[in-house]
file upload.txt (compact mmCIF, C-alpha atoms)
# COMPACT_ATOMS: atom_id res chain seq x y z
CA MET A 1 0.62 0.28 5.14
CA SER A 2 -2.01 -1.61 7.07
CA THR A 3 -3.84 -4.25 5.07
CA TYR A 4 -6.51 -4.48 7.75
CA ILE A 5 -8.65 -1.55 6.60
CA ASP A 6 -10.19 -0.39 3.34
CA TRP A 7 -9.93 3.37 3.83
CA GLN A 8 -12.58 4.00 1.19
CA ALA A 9 -15.21 1.82 2.90
CA PRO A 10 -16.09 3.05 6.39
CA SER A 11 -18.94 1.76 8.46
CA TYR A 12 -21.35 4.35 9.81
CA LEU A 13 -22.64 4.88 13.33
CA ASP A 14 -25.70 6.99 14.05
CA LEU A 15 -24.68 9.14 17.01
CA PRO A 16 -26.52 12.16 18.45
CA ASP A 17 -26.60 14.76 15.64
CA LEU A 18 -23.83 12.98 13.75
CA ARG A 19 -23.46 10.10 11.30
CA MET A 20 -19.91 9.10 12.12
CA ALA A 21 -17.73 7.19 9.67
CA VAL A 22 -15.61 4.65 11.52
CA PHE A 23 -12.92 2.16 10.55
CA GLN A 24 -12.10 -0.87 12.72
CA ALA A 25 -9.53 -3.64 12.79
CA GLY A 26 -8.75 -6.42 15.22
CA THR A 27 -11.09 -8.08 17.70
CA PRO A 28 -12.42 -6.59 20.94
CA SER A 29 -11.03 -8.38 24.00
CA PRO A 30 -12.28 -8.59 27.59
CA HIS A 31 -8.63 -8.57 28.70
CA ARG A 32 -7.42 -5.28 27.21
CA PRO A 33 -9.14 -2.03 26.20
CA SER A 34 -9.80 -1.05 22.60
CA VAL A 35 -7.62 1.72 21.15
CA VAL A 36 -9.25 4.78 19.54
CA LEU A 37 -7.03 6.78 17.16
CA CYS A 38 -8.08 10.44 16.88
CA HIS A 39 -6.81 12.61 14.02
CA GLY A 40 -6.18 16.34 13.92
CA PHE A 41 -6.38 19.17 11.36
CA PRO A 42 -6.30 18.92 8.43
CA GLU A 43 -6.25 15.16 8.77
CA LEU A 44 -8.48 12.14 8.28
CA ALA A 45 -8.77 8.68 9.81
CA PHE A 46 -6.38 7.70 6.99
CA SER A 47 -3.61 9.57 8.83
CA TRP A 48 -3.27 6.46 11.06
CA ARG A 49 -2.88 4.07 8.09
CA HIS A 50 0.64 2.95 9.09
CA ILE A 51 -0.18 2.54 12.79
CA VAL A 52 -3.21 0.23 12.67
CA GLY A 53 -1.39 -2.92 11.54
CA PRO A 54 1.24 -2.99 14.32
CA LEU A 55 -1.45 -2.42 16.96
CA VAL A 56 -3.63 -5.22 15.61
CA ASP A 57 -0.63 -7.53 15.32
CA ALA A 58 0.07 -6.82 19.02
CA GLY A 59 -3.45 -7.99 19.88
CA PHE A 60 -5.38 -4.75 20.15
CA HIS A 61 -8.79 -3.85 18.75
CA VAL A 62 -8.38 -0.55 16.92
CA ILE A 63 -11.09 2.04 16.16
CA VAL A 64 -10.34 4.95 13.84
CA PRO A 65 -13.14 7.53 13.61
CA GLU A 66 -13.38 10.27 11.04
CA GLN A 67 -14.32 13.02 13.42
CA ARG A 68 -17.01 15.70 13.44
CA GLY A 69 -16.62 17.95 10.40
CA TYR A 70 -14.24 15.71 8.46
CA GLY A 71 -14.22 13.42 5.45
CA PHE A 72 -16.85 10.71 5.24
CA THR A 73 -18.43 11.88 8.52
CA GLY A 74 -18.93 15.49 7.50
CA ARG A 75 -20.68 18.12 9.52
CA ALA A 76 -23.09 17.75 12.41
CA LEU A 77 -26.56 16.95 11.10
CA SER A 78 -28.01 20.16 12.54
CA ASP A 79 -25.17 22.35 11.21
CA GLY A 80 -26.71 25.15 9.16
CA ASN A 81 -23.31 26.23 7.82
CA ASP A 82 -23.65 29.50 9.70
CA ALA A 83 -21.98 31.20 12.63
CA ALA A 84 -24.67 29.97 15.02
CA SER A 85 -23.58 26.39 14.30
CA VAL A 86 -19.97 26.95 15.39
CA ARG A 87 -20.72 25.84 18.94
CA LEU A 88 -21.63 22.38 17.63
CA TYR A 89 -17.86 21.85 17.46
CA ASP A 90 -17.00 22.79 21.04
CA MET A 91 -15.22 20.51 23.49
CA PRO A 92 -18.37 19.03 25.08
CA HIS A 93 -19.60 17.93 21.64
CA LEU A 94 -16.21 16.56 20.52
CA CYS A 95 -15.69 14.60 23.73
CA ALA A 96 -19.28 13.35 23.70
CA ASP A 97 -18.75 12.01 20.17
CA LEU A 98 -15.90 9.84 21.43
CA ALA A 99 -18.06 8.50 24.27
CA HIS A 100 -21.08 7.90 22.01
CA LEU A 101 -18.73 6.05 19.67
CA LEU A 102 -18.05 3.54 22.46
CA ASP A 103 -21.77 3.34 23.28
CA ALA A 104 -22.58 2.43 19.68
CA LEU A 105 -19.95 -0.33 19.73
CA ASP A 106 -20.96 -1.57 23.21
CA ILE A 107 -17.53 -0.80 24.67
CA GLU A 108 -17.14 0.51 28.20
CA GLN A 109 -13.65 2.03 28.15
CA ALA A 110 -10.89 2.70 25.63
CA ILE A 111 -7.37 4.00 25.35
CA TYR A 112 -7.55 7.21 23.35
CA VAL A 113 -4.69 8.34 21.13
CA GLY A 114 -4.68 11.87 19.75
CA HIS A 115 -2.51 13.79 17.31
CA ASP A 116 -2.71 17.56 16.76
CA TRP A 117 -6.33 18.64 17.50
CA GLY A 118 -7.17 15.01 18.23
CA GLY A 119 -4.69 15.28 21.07
CA ILE A 120 -6.27 18.44 22.45
CA VAL A 121 -9.60 16.63 22.60
CA THR A 122 -8.30 13.39 24.08
CA TRP A 123 -6.50 15.22 26.90
CA GLN A 124 -9.87 16.80 27.80
CA LEU A 125 -11.69 13.46 27.99
CA PRO A 126 -10.76 12.93 31.67
CA PHE A 127 -12.76 16.07 32.46
CA TYR A 128 -15.77 15.54 30.17
CA GLN A 129 -16.00 11.73 29.92
CA PRO A 130 -13.80 10.37 32.73
CA GLU A 131 -15.53 7.00 33.04
CA ARG A 132 -14.73 6.11 29.41
CA VAL A 133 -10.95 6.59 29.56
CA ALA A 134 -8.61 3.68 30.36
CA GLY A 135 -5.47 5.47 29.17
CA LEU A 136 -4.23 8.30 26.98
CA ILE A 137 -1.50 8.74 24.38
CA GLY A 138 -0.53 12.16 23.09
CA VAL A 139 1.25 12.21 19.73
CA ASN A 140 3.01 15.59 19.43
CA THR A 141 0.16 17.22 21.41
CA PRO A 142 0.88 17.50 25.15
CA PHE A 143 -1.55 18.08 27.97
CA ILE A 144 -1.89 21.86 28.12
CA PRO A 145 -3.25 23.17 31.44
CA ARG A 146 -5.93 25.81 31.33
CA LEU A 147 -4.55 29.25 30.54
CA SER A 148 -5.09 32.19 32.89
CA SER A 149 -6.64 34.28 30.09
CA ASP A 150 -8.69 33.82 26.92
CA PRO A 151 -6.46 31.88 24.48
CA ILE A 152 -7.53 33.88 21.42
CA ALA A 153 -6.78 37.18 23.16
CA ALA A 154 -3.39 35.76 24.14
CA PHE A 155 -2.67 34.58 20.58
CA ARG A 156 -3.58 37.99 19.17
CA ALA A 157 -1.36 39.78 21.67
CA VAL A 158 1.67 37.59 20.93
CA LYS A 159 1.23 36.54 17.28
CA GLY A 160 -1.09 39.15 15.74
CA ASP A 161 -4.27 38.89 13.68
CA ASP A 162 -2.63 37.07 10.77
CA PHE A 163 -1.58 34.08 12.90
CA TYR A 164 -3.66 31.25 11.48
CA ILE A 165 -5.68 30.52 14.63
CA CYS A 166 -6.63 34.20 14.88
CA ALA A 167 -7.34 34.41 11.14
CA PHE A 168 -9.61 31.36 11.46
CA GLN A 169 -11.91 33.15 13.93
CA GLU A 170 -13.89 35.12 11.32
CA PHE A 171 -16.61 32.77 10.14
CA GLY A 172 -16.59 31.90 6.45
CA VAL A 173 -13.29 33.50 5.46
CA ALA A 174 -10.64 30.80 5.88
CA GLU A 175 -12.82 27.97 4.61
CA ALA A 176 -13.78 29.91 1.49
CA GLN A 177 -10.12 30.45 0.65
CA MET A 178 -9.06 26.89 1.42
CA ASP A 179 -12.06 25.16 -0.18
CA ALA A 180 -11.45 27.08 -3.41
CA ASP A 181 -8.36 24.95 -4.09
CA VAL A 182 -8.24 21.95 -1.76
CA ALA A 183 -5.09 20.45 -3.27
CA HIS A 184 -3.20 23.75 -3.04
CA SER A 185 -4.20 24.11 0.62
CA LEU A 186 -3.16 20.58 1.53
CA ARG A 187 0.17 20.89 -0.28
CA CYS A 188 0.95 23.83 1.98
CA PHE A 189 0.37 21.77 5.12
CA TYR A 190 1.86 18.42 4.14
CA ARG A 191 5.45 19.46 3.60
CA LYS A 192 8.77 18.24 4.93
CA GLY A 193 10.79 21.30 5.90
CA GLY A 194 7.86 23.67 5.46
CA PHE A 195 4.73 24.70 7.34
CA ILE A 196 4.79 23.70 11.04
CA ASN A 197 8.16 21.98 10.75
CA SER A 198 11.09 23.74 12.40
CA GLU A 199 13.79 22.51 10.00
CA MET A 200 12.57 25.10 7.49
CA ARG A 201 15.38 27.13 5.89
CA ASP A 202 15.00 30.80 4.94
CA PRO A 203 12.24 30.88 2.32
CA PRO A 204 11.03 34.11 0.76
CA ASN A 205 8.47 35.79 3.05
CA LEU A 206 10.14 34.04 6.00
CA SER A 207 8.20 36.01 8.61
CA GLU A 208 4.89 34.67 7.27
CA TRP A 209 6.09 31.10 7.69
CA GLU A 210 7.65 31.65 11.11
CA ASN A 211 4.43 33.27 12.33
CA PHE A 212 2.14 30.64 10.77
CA GLU A 213 0.30 33.24 8.66
CA LEU A 214 -1.43 30.53 6.67
CA LEU A 215 -3.95 32.58 4.71
CA LYS A 216 -1.17 34.87 3.46
CA ILE A 217 1.04 31.91 2.59
CA LEU A 218 -1.77 30.30 0.59
CA LYS A 219 -1.88 33.38 -1.64
CA ARG A 220 1.77 32.88 -2.60
CA ASP A 221 2.90 30.87 -5.57
CA GLU A 222 3.85 27.36 -4.50
CA SER A 223 7.27 27.74 -6.11
CA SER A 224 8.16 30.10 -3.24
CA TRP A 225 7.26 27.57 -0.54
CA PRO A 226 10.09 25.92 1.39
CA GLY A 227 10.62 22.19 1.73
CA HIS A 228 9.02 19.49 -0.38
CA MET A 229 5.90 17.35 -0.41
CA LEU A 230 5.73 14.78 2.34
CA LEU A 231 3.10 12.45 0.85
CA ASN A 232 3.21 10.30 -2.26
CA GLU A 233 0.60 10.90 -4.95
CA ALA A 234 -1.71 8.06 -3.91
CA ASP A 235 -1.79 9.07 -0.24
CA PHE A 236 -2.21 12.74 -1.09
CA ALA A 237 -5.18 11.86 -3.30
CA VAL A 238 -6.99 10.34 -0.29
CA TYR A 239 -6.64 13.58 1.65
CA GLN A 240 -7.72 15.63 -1.33
CA GLN A 241 -10.82 13.50 -1.86
CA GLY A 242 -11.63 13.65 1.85
CA PHE A 243 -11.54 17.44 2.04
CA GLU A 244 -13.29 17.88 -1.29
CA ARG A 245 -16.01 15.75 0.28
CA SER A 246 -16.34 17.65 3.57
CA GLY A 247 -14.68 21.01 3.02
CA PHE A 248 -12.44 22.60 5.64
CA GLY A 249 -15.16 24.53 7.49
CA GLY A 250 -16.14 21.87 10.01
CA GLY A 251 -12.56 21.37 11.12
CA ILE A 252 -11.92 25.12 11.26
CA ASN A 253 -14.93 25.44 13.58
CA TRP A 254 -12.95 23.49 16.19
CA TYR A 255 -10.56 26.47 16.29
CA ARG A 256 -13.45 28.90 16.70
CA ASN A 257 -14.28 27.36 20.07
CA PHE A 258 -10.99 28.11 21.83
CA THR A 259 -12.60 30.91 23.85
CA ARG A 260 -15.79 28.94 24.55
CA ASN A 261 -13.82 25.87 25.63
CA TRP A 262 -11.69 28.02 27.92
CA GLN A 263 -14.82 29.49 29.51
CA LEU A 264 -16.41 26.06 29.97
CA SER A 265 -13.31 24.61 31.65
CA ALA A 266 -13.10 27.13 34.50
CA ASP A 267 -14.01 24.63 37.23
CA PHE A 268 -11.88 21.69 36.09
CA GLU A 269 -9.01 20.66 38.35
CA GLN A 270 -6.07 20.32 35.99
CA LYS A 271 -5.14 16.76 36.93
CA VAL A 272 -5.04 13.61 34.79
CA SER A 273 -4.85 10.32 36.71
CA VAL A 274 -5.07 7.62 34.02
CA PRO A 275 -1.94 5.96 32.60
CA SER A 276 -0.55 8.30 29.96
CA LEU A 277 2.12 8.30 27.26
CA MET A 278 3.52 11.41 25.58
CA ILE A 279 5.41 11.07 22.29
CA CYS A 280 7.13 14.27 21.12
CA ALA A 281 8.60 15.07 17.70
CA GLU A 282 11.92 16.89 17.58
CA HIS A 283 11.16 19.28 14.70
CA ASP A 284 7.49 20.08 15.29
CA ALA A 285 7.41 23.89 15.30
CA ALA A 286 3.70 24.07 16.19
CA LEU A 287 3.92 21.62 19.11
CA PRO A 288 7.60 21.59 20.11
CA PRO A 289 8.83 19.07 22.69
CA SER A 290 9.40 21.92 25.14
CA MET A 291 5.61 22.19 25.52
CA ALA A 292 5.58 18.78 27.22
CA GLU A 293 8.27 19.54 29.78
CA GLY A 294 5.89 20.45 32.59
CA MET A 295 3.33 17.71 32.01
CA SER A 296 4.31 15.62 35.03
CA LYS A 297 2.92 18.34 37.31
CA TYR A 298 -0.55 17.58 35.94
CA VAL A 299 -0.35 13.98 34.68
CA ALA A 300 0.47 11.65 37.56
CA ASP A 301 1.26 8.47 35.59
CA LEU A 302 3.32 9.62 32.61
CA GLU A 303 5.99 8.29 30.30
CA THR A 304 7.54 10.64 27.72
CA TYR A 305 9.57 9.87 24.61
CA LEU A 306 11.12 11.91 21.81
CA ILE A 307 11.21 10.90 18.14
CA LYS A 308 14.22 12.58 16.57
CA ASP A 309 14.37 14.09 13.08
CA CYS A 310 10.56 14.23 12.93
CA GLY A 311 8.23 17.10 12.12
CA HIS A 312 4.55 17.58 12.82
CA TRP A 313 3.12 14.70 10.75
CA THR A 314 4.58 11.92 12.89
CA GLN A 315 2.29 9.14 11.65
CA SER A 316 3.55 9.74 8.09
CA GLU A 317 7.13 10.80 8.83
CA LYS A 318 8.17 8.22 11.43
CA PRO A 319 5.40 5.60 11.51
CA GLU A 320 7.55 2.62 12.50
CA GLU A 321 9.13 4.40 15.45
CA LEU A 322 5.77 5.77 16.56
CA ALA A 323 4.07 2.39 16.32
CA ASN A 324 6.89 0.69 18.24
CA LEU A 325 6.62 3.18 21.11
CA MET A 326 2.85 2.79 21.25
CA VAL A 327 2.92 -1.01 21.12
CA ASP A 328 5.60 -1.22 23.80
CA TRP A 329 3.71 1.02 26.22
CA LEU A 330 0.29 -0.50 25.50
CA SER A 331 1.61 -4.04 25.91
CA ARG A 332 3.32 -3.21 29.20
CA ARG A 333 0.44 -1.26 30.70
CA PHE A 334 -2.58 -3.10 29.32
CA ALA A 335 -1.41 -6.68 28.77
call {"tool": "encode", "arguments": {"input": "upload.txt", "output": "structure tokens"}}
result
Amino acid sequence: MSTYIDWQAPSYLDLPDLRMAVFQAGTPSPHRPSVVLCHGFPELAFSWRHIVGPLVDAGFHVIVPEQRGYGFTGRALSDGNDAASVRLYDMPHLCADLAHLLDALDIEQAIYVGHDWGGIVTWQLPFYQPERVAGLIGVNTPFIPRLSSDPIAAFRAVKGDDFYICAFQEFGVAEAQMDADVAHSLRCFYRKGGFINSEMRDPPNLSEWENFELLKILKRDESSWPGHMLLNEADFAVYQQGFERSGFGGGINWYRNFTRNWQLSADFEQKVSVPSLMICAEHDAALPPSMAEGMSKYVADLETYLIKDCGHWTQSEKPEELANLMVDWLSRRFA
């Protein structure tokens, strides 16, 4: 684990409508861009704990924000915890946060790295904040070109109303269930051979797991869940404390903007021109490597790699291999 950061002692930046908790390591350099590590759901800045040290040792300044709705940062300051506040978590706000982060640190451009939802946001930065992006790294999350129809309508048609993204759309329901027992909820996600990992083997209620029917799964006794816990007790405690601090609602609001984000992106040409790296994980059932196969049509300067025997939580499952791929590419492209 990195010794460069105390994950319980963030610094705070006052951004528009947000007091963002940020962790930093290394020294900014005029010769190479800073690297911003963006977590997903349900993650925290801490998810990058094993990656920071190798990047700093390779000479990079590393910035790890706890993003809007999460952990020490918490919700937008104007969030009234109501349905009207959901739009405070749309793509323009999330991308603006990552630009305002650089403003607050007096940095012009950065290389953005995103996993899971963090990856969805970082791949949209070239459209919303193009002048701030020196390069992009997708961890599990590929660039996904704009769909021809409303994503939520498409999810409902293919996966049904119990699919977790569809079930998340009703304000107040999912967060009430998940906040009621934070540890139980996190144990469902952070599993090896379980939720969102394709090496799962025939658990009871298999269809619920294969269809990502999270709210149904959370009502089951944990003894029926497949796989085993991925995190050790100390690391799991950090996640538990983080989500007991913020709740799940802010992060779930990101999902409630799929339709809005799709509407807002109608005029964007689906082209990414900055140097880009895509790192896939062999056993990620939510973001399988096949999703990245067509990326070169949209991303002009792209390298792609596969980490074998790895599920969704790449930073925890295969941190050394992930860090080595990142350091190699960053050192070659931004020396």
call {"tool": "residues_around", "arguments": {"input": "upload.txt", "residues": "Asp14 of chain A", "least_positions_apart": "5", "cutoff": "10 Å", "atoms": "only C-alpha atoms", "output": "PDB file with C-alpha atoms, keeping the file's coordinate frame"}}
result
ATOM      1  CA  ARG A  19     -23.460  10.100  11.300  1.00  0.00           C
ATOM      2  CA  MET A  20     -19.910   9.100  12.120  1.00  0.00           C
ATOM      3  CA  ALA A  21     -17.730   7.190   9.670  1.00  0.00           C
ATOM      4  CA  HIS A 100     -21.080   7.900  22.010  1.00  0.00           C
ATOM      5  CA  LEU A 101     -18.730   6.050  19.670  1.00  0.00           C
ATOM      6  CA  ALA A 104     -22.580   2.430  19.680  1.00  0.00           C
TER       7      ALA A 104
END
call {"tool": "closest_residue", "arguments": {"input": "upload.txt", "among": "A:Trp48, A:Tyr239, A:Trp262, A:Tyr128", "to": "Leu98 of chain A", "atoms": "only C-alpha atoms"}}
result
A:Tyr128
call {"tool": "closest_residue", "arguments": {"input": "upload.txt", "among": "A:Gln241, A:Asn253, A:Thr27, A:Thr122", "to": "Arg75 of chain A", "atoms": "all atoms listed in the file"}}
result
A:Asn253
call {"tool": "closest_residue", "arguments": {"input": "upload.txt", "among": "A:Arg49, A:Arg201, A:Lys216, A:Arg187", "to": "Leu231 of chain A", "atoms": "all atoms listed in the file"}}
result
A:Arg187
call {"tool": "residues_around", "arguments": {"input": "upload.txt", "residues": "Asn232 of chain A", "least_positions_apart": "6", "cutoff": "12 Å", "atoms": "all atoms listed in the file", "output": "ChimeraX atom specification"}}
result
/A:187,190-191,238-239,316-317
call {"tool": "closest_atom_pairs", "arguments": {"input": "upload.txt", "of": "segment 200-268 of chain A", "to": "segment 58-73 of chain A", "cutoff": "7 Å", "atoms": "only C-alpha atoms", "output": "JSON lines"}}
result
{"residue": "A:Gly242", "atom": "CA", "partner": "A:Gly71", "partner_atom": "CA", "distance": 4.4}
{"residue": "A:Phe243", "atom": "CA", "partner": "A:Gly71", "partner_atom": "CA", "distance": 5.9}
{"residue": "A:Arg245", "atom": "CA", "partner": "A:Gly71", "partner_atom": "CA", "distance": 5.9}
{"residue": "A:Ser246", "atom": "CA", "partner": "A:Gly71", "partner_atom": "CA", "distance": 5.1}
{"residue": "A:Gly250", "atom": "CA", "partner": "A:Gly69", "partner_atom": "CA", "distance": 4.0}
{"residue": "A:Gly251", "atom": "CA", "partner": "A:Gly69", "partner_atom": "CA", "distance": 5.4}
call {"tool": "decode", "arguments": {"input": "upload.txt", "residues": "segment 24-52 of chain A", "atoms": "N, CA and C atoms", "output": "compact mmCIF listing (two decimals), in the first residue's frame"}}
result
# COMPACT_ATOMS: atom_id res chain seq x y z
N GLN A 24 -3.29 14.09 -2.22
CA GLN A 24 -2.23 14.33 -3.20
C GLN A 24 -0.94 13.66 -2.75
N ALA A 25 -0.12 13.30 -3.72
CA ALA A 25 1.21 12.78 -3.45
C ALA A 25 2.11 13.12 -4.64
N GLY A 26 3.40 13.25 -4.37
CA GLY A 26 4.33 13.64 -5.41
C GLY A 26 4.35 15.14 -5.59
N THR A 27 5.17 15.60 -6.51
CA THR A 27 5.40 17.03 -6.73
C THR A 27 5.02 17.42 -8.14
N PRO A 28 4.21 18.47 -8.31
CA PRO A 28 3.89 18.93 -9.67
C PRO A 28 5.16 19.26 -10.45
N SER A 29 5.15 18.96 -11.75
CA SER A 29 6.32 19.18 -12.58
C SER A 29 5.93 19.94 -13.84
N PRO A 30 6.76 20.88 -14.29
CA PRO A 30 6.48 21.56 -15.55
C PRO A 30 6.72 20.67 -16.76
N HIS A 31 7.32 19.49 -16.54
CA HIS A 31 7.74 18.64 -17.64
C HIS A 31 6.77 17.49 -17.93
N ARG A 32 5.84 17.23 -17.01
CA ARG A 32 4.87 16.16 -17.25
C ARG A 32 3.59 16.50 -16.51
N PRO A 33 2.43 16.14 -17.07
CA PRO A 33 1.17 16.49 -16.44
C PRO A 33 0.94 15.73 -15.13
N SER A 34 0.14 16.32 -14.26
CA SER A 34 -0.33 15.61 -13.08
C SER A 34 -1.31 14.52 -13.50
N VAL A 35 -1.49 13.54 -12.62
CA VAL A 35 -2.39 12.42 -12.90
C VAL A 35 -3.53 12.45 -11.88
N VAL A 36 -4.77 12.49 -12.37
CA VAL A 36 -5.96 12.52 -11.52
C VAL A 36 -6.62 11.15 -11.58
N LEU A 37 -6.78 10.51 -10.42
CA LEU A 37 -7.37 9.17 -10.33
C LEU A 37 -8.82 9.28 -9.87
N CYS A 38 -9.76 8.84 -10.71
CA CYS A 38 -11.18 9.04 -10.49
C CYS A 38 -11.87 7.70 -10.20
N HIS A 39 -12.46 7.59 -9.02
CA HIS A 39 -13.10 6.34 -8.60
C HIS A 39 -14.50 6.20 -9.17
N GLY A 40 -15.07 5.02 -8.97
CA GLY A 40 -16.43 4.74 -9.43
C GLY A 40 -17.37 4.47 -8.27
N PHE A 41 -18.38 3.61 -8.51
CA PHE A 41 -19.42 3.30 -7.52
C PHE A 41 -19.38 1.81 -7.20
N PRO A 42 -19.51 1.42 -5.94
CA PRO A 42 -19.45 2.30 -4.76
C PRO A 42 -18.02 2.32 -4.22
N GLU A 43 -17.27 3.30 -4.68
CA GLU A 43 -15.85 3.39 -4.35
C GLU A 43 -15.55 4.70 -3.64
N LEU A 44 -14.29 4.85 -3.29
CA LEU A 44 -13.77 6.05 -2.65
C LEU A 44 -12.39 6.34 -3.26
N ALA A 45 -11.83 7.48 -2.92
CA ALA A 45 -10.45 7.76 -3.31
C ALA A 45 -9.53 6.62 -2.88
N PHE A 46 -9.82 6.03 -1.74
CA PHE A 46 -9.05 4.93 -1.17
C PHE A 46 -8.91 3.75 -2.13
N SER A 47 -9.81 3.64 -3.10
CA SER A 47 -9.73 2.54 -4.06
C SER A 47 -8.41 2.54 -4.83
N TRP A 48 -7.74 3.70 -4.90
CA TRP A 48 -6.48 3.82 -5.64
C TRP A 48 -5.25 3.66 -4.73
N ARG A 49 -5.46 3.15 -3.51
CA ARG A 49 -4.40 3.12 -2.50
C ARG A 49 -3.13 2.42 -2.97
N HIS A 50 -3.28 1.36 -3.79
CA HIS A 50 -2.11 0.59 -4.23
C HIS A 50 -1.45 1.19 -5.47
N ILE A 51 -2.09 2.14 -6.10
CA ILE A 51 -1.62 2.67 -7.38
C ILE A 51 -0.80 3.95 -7.20
N VAL A 52 -1.06 4.69 -6.13
CA VAL A 52 -0.43 5.99 -5.93
C VAL A 52 1.09 5.86 -5.84
